[in-house]
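Here's protein_11.cif, which has mmCIF, C-alpha atoms:
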```cif
data_start
loop_
_atom_site.label_atom_id
_atom_site.label_comp_id
_atom_site.auth_asym_id
_atom_site.auth_seq_id
_atom_site.Cartn_x
_atom_site.Cartn_y
_atom_site.Cartn_z
CA MET A 271 -19.36 35.05 1.69
CA TYR A 272 -20.23 33.00 -1.37
CA LYS A 273 -23.64 32.36 -2.87
CA ILE A 274 -24.51 28.69 -3.30
CA SER A 275 -23.85 28.80 -7.07
CA GLU A 276 -20.39 30.34 -6.53
CA PHE A 277 -19.63 27.87 -3.76
CA ALA A 278 -20.77 24.93 -5.88
CA GLU A 279 -18.43 26.02 -8.66
CA MET A 280 -15.51 26.50 -6.23
CA THR A 281 -15.91 23.10 -4.59
CA GLY A 282 -17.16 20.94 -7.44
CA LEU A 283 -20.25 20.02 -5.42
CA SER A 284 -23.59 20.56 -7.11
CA LYS A 285 -26.15 22.93 -5.63
CA GLU A 286 -28.38 19.90 -5.06
CA THR A 287 -25.61 18.14 -3.13
CA LEU A 288 -25.02 21.24 -1.02
CA ARG A 289 -28.73 21.44 -0.23
CA TYR A 290 -28.77 17.75 0.68
CA TYR A 291 -25.66 18.12 2.86
CA ALA A 292 -27.39 20.99 4.67
CA GLU A 293 -30.56 18.90 5.09
CA VAL A 294 -28.64 16.03 6.74
CA LYS A 295 -26.60 18.52 8.80
CA LEU A 296 -23.35 17.55 7.07
CA LEU A 297 -22.43 20.99 5.77
CA GLU A 298 -24.72 23.84 6.64
CA PRO A 299 -24.45 27.30 5.11
CA ALA A 300 -22.67 29.90 7.21
CA TYR A 301 -25.64 32.20 6.74
CA ILE A 302 -29.17 32.00 5.32
CA ASP A 303 -30.73 35.33 4.40
CA PRO A 304 -34.12 35.43 6.18
CA ASP A 305 -35.61 37.67 3.48
CA ASN A 306 -34.97 35.44 0.46
CA ASN A 307 -33.59 32.19 1.96
CA TYR A 308 -30.40 32.49 -0.09
CA ARG A 309 -27.63 30.33 1.30
CA TYR A 310 -24.16 31.74 1.83
CA TYR A 311 -20.95 29.90 2.57
CA ASP A 312 -17.67 31.20 3.96
CA ASP A 313 -13.99 30.19 3.83
CA GLY A 314 -14.43 27.78 6.75
CA SER A 315 -17.22 26.10 4.81
CA TYR A 316 -14.82 25.76 1.88
CA PHE A 317 -12.33 23.74 3.95
CA LEU A 318 -15.10 21.41 5.13
CA ALA A 319 -16.54 21.04 1.64
CA ILE A 320 -13.15 20.05 0.21
CA LEU A 321 -12.77 17.51 3.03
CA LEU A 322 -16.20 16.08 2.16
CA VAL A 323 -15.26 15.85 -1.52
CA LYS A 324 -12.14 13.87 -0.57
CA LEU A 325 -14.02 11.59 1.83
CA ARG A 326 -16.63 10.86 -0.83
CA ARG A 327 -13.89 10.00 -3.34
CA PHE A 328 -12.42 7.64 -0.74
CA GLY A 329 -15.75 5.82 -0.59
CA PHE A 330 -17.07 7.15 2.71
CA THR A 331 -20.80 6.79 3.18
CA ILE A 332 -22.93 9.77 4.17
CA GLN A 333 -23.19 8.33 7.70
CA GLU A 334 -19.40 7.97 7.93
CA MET A 335 -18.97 11.55 6.73
CA ILE A 336 -21.47 12.77 9.33
CA SER A 337 -19.47 10.93 11.98
CA VAL A 338 -16.29 12.68 10.85
CA MET A 339 -17.96 16.09 10.79
CA ASN A 340 -19.52 15.59 14.24
CA ASP A 341 -16.04 14.94 15.65
CA GLU A 342 -14.93 18.55 15.28
CA SER A 343 -11.41 17.75 16.46
CA PHE A 344 -11.08 15.21 13.61
CA ALA A 345 -9.28 13.00 16.17
CA ASN A 346 -10.69 9.83 14.65
CA LEU A 347 -10.20 10.85 11.03
CA GLU A 348 -6.79 9.16 10.69
CA ALA A 349 -8.12 5.91 12.14
CA LEU A 350 -11.13 6.00 9.81
CA LEU A 351 -8.90 6.69 6.81
CA LEU A 352 -6.63 3.78 7.73
CA GLN A 353 -9.67 1.50 8.08
CA LYS A 354 -10.99 2.65 4.71
CA ARG A 355 -7.55 2.08 3.17
CA GLU A 356 -7.46 -1.50 4.45
CA LYS A 357 -10.98 -2.15 3.19
CA ILE A 358 -10.03 -0.87 -0.27
CA LYS A 359 -6.89 -3.03 -0.29
CA MET A 360 -9.02 -6.09 0.55
CA GLN A 361 -11.44 -5.21 -2.24
CA ILE A 362 -8.51 -4.96 -4.67
CA GLU A 363 -7.27 -8.39 -3.56
CA ASN A 364 -10.75 -9.89 -3.99
CA LEU A 365 -11.15 -8.34 -7.43
CA THR A 366 -7.69 -9.57 -8.45
CA LEU A 367 -8.69 -13.11 -7.42
CA LYS A 368 -11.89 -12.83 -9.45
CA VAL A 369 -9.91 -11.73 -12.50
CA GLU A 370 -7.60 -14.71 -12.05
CA GLU A 371 -10.61 -17.03 -11.73
CA ILE A 372 -12.10 -15.62 -14.93
CA ASP A 373 -8.77 -16.06 -16.73
CA CYS A 374 -8.57 -19.69 -15.56
CA PHE A 375 -12.15 -20.33 -16.61
CA LEU A 376 -11.55 -18.82 -20.03
CA ALA A 377 -8.31 -20.78 -20.43
CA SER A 378 -10.03 -24.04 -19.52
CA GLY A 379 -12.73 -23.34 -22.11
CA MET A 380 -10.16 -22.67 -24.78
CA GLU A 381 -8.38 -25.96 -23.99
CA GLU A 382 -11.63 -27.83 -24.62
CA ASP A 383 -11.99 -26.14 -28.02
CA GLU A 384 -8.60 -27.41 -29.19
#
```
Let me see the file written as structure tokens.
Amino acid sequence: MYKISEFAEMTGLSKETLRYYAEVKLLEPAYIDPDNNYRYYDDGSYFLAILLVKLRRFGFTIQEMISVMNDESFANLEALLLQKREKIKMQIENLTLKVEEIDCFLASGMEEDE
């Protein structure tokens, strides 16, 4: 069992994030000591925390992460990841078009200066 500070260091999640994840039932401690309310996490919690770190880096919202965690079989995880991948690809395309538009705008302004 790991105290919250140890677990935060292991996972890269802050203690505040771990408390928030517990509050929204995303990642609850494996054990809470009734005497002092210290939170303890176990190795199973570590796997879930690392998954949450990855999902957050992939741009999942809290609600999307809750959906993944509620599906304990993770049966829909691949489909969600593929959807997220497509969304990111579309965002890249849109941003690339904006960059091209900016370049054209800048180029047209430079032509007028000449």
key: Closest of A:Asp303, A:Asp312, A:Glu293, A:Glu342 to Glu276 in chain A - atom-to-atom distances counting all atoms listed in the file   =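 Closest candidate: A:Asp312.
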With all atoms listed in the file as the counted atoms, please give the residues lying no more than 9 Å from range 352-362 of chain A, apart from itself and same-chain residues fewer than 5 positions off, as a compact mmCIF listing (two decimals) with C-alpha atoms, in the frame of the given file.
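Wrote part_34.txt, looks like this:
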```txt
# COMPACT_ATOMS: atom_id res chain seq x y z
CA PHE A 328 -12.42 7.64 -0.74
CA GLY A 329 -15.75 5.82 -0.59
CA PHE A 330 -17.07 7.15 2.71
CA LEU A 347 -10.20 10.85 11.03
CA LEU A 367 -8.69 -13.11 -7.42
```
With range 277-288 of chain A as the partner and 8 Å as the cut-off, tabulate the residues of range 309-342 of chain A that qualify, each row holding the nearest pair of atoms and their distance in Å to one decimal, using only C-alpha atoms, sorted by chain and rising number, as a Markdown table.
```
| residue | atom | partner | partner_atom | distance |
| --- | --- | --- | --- | --- |
| A:Tyr311 | CA | A:Phe277 | CA | 6.8 |
| A:Tyr316 | CA | A:Thr281 | CA | 7.1 |
| A:Ala319 | CA | A:Thr281 | CA | 6.6 |
| A:Ile320 | CA | A:Thr281 | CA | 6.3 |
| A:Val323 | CA | A:Leu283 | CA | 7.6 |
```
request  = Give the answer as one residue: which of A:Ile332, A:Met339, A:Leu350, A:Met271 has the shortest atom-to-atom distance to Asp313 in chain A, using all atoms listed in the file?
outcome  = A:Met271
remark   = Ser315 in chain A proximity check over A:Gln333, A:Tyr290, A:Tyr272, A:Phe344, using only C-alpha atoms: winner is A:Tyr272
request  = Have a look at CA of Leu318 in chain A and CA of Leu296 in chain A and let me know their distance in Å, one decimal.
outcome  =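 Between CA of Leu318 in chain A and CA of Leu296 in chain A the gap works out to 9.3 Å.
Nearest-residue note for Glu348 in chain A: choosing from A:Pro299, A:Ser275, A:Ala292, A:Leu325, the minimum distance belongs to A:Leu325, counting all atoms listed in the file.
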inquiry  = Report, in Å with one decimal, the straight-line distance from CA of Met380 in chain A to CA of Lys368 in chain A.
reply    =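 That distance, rounded to one decimal, is 18.3 Å.
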query = Between CA of Phe317 in chain A and CA of Glu334 in chain A, what is the spacing in Å?
reply =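 Going from CA of Glu334 in chain A over to CA of Phe317 in chain A covers 17.7 Å.
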task = Tell me which of A:Leu297, A:Leu376, A:Val369, A:Ile302 sits closest to Val338 in chain A, counting all atoms listed in the file.
result =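 Smallest distance to Val338 in chain A is found for A:Leu297.
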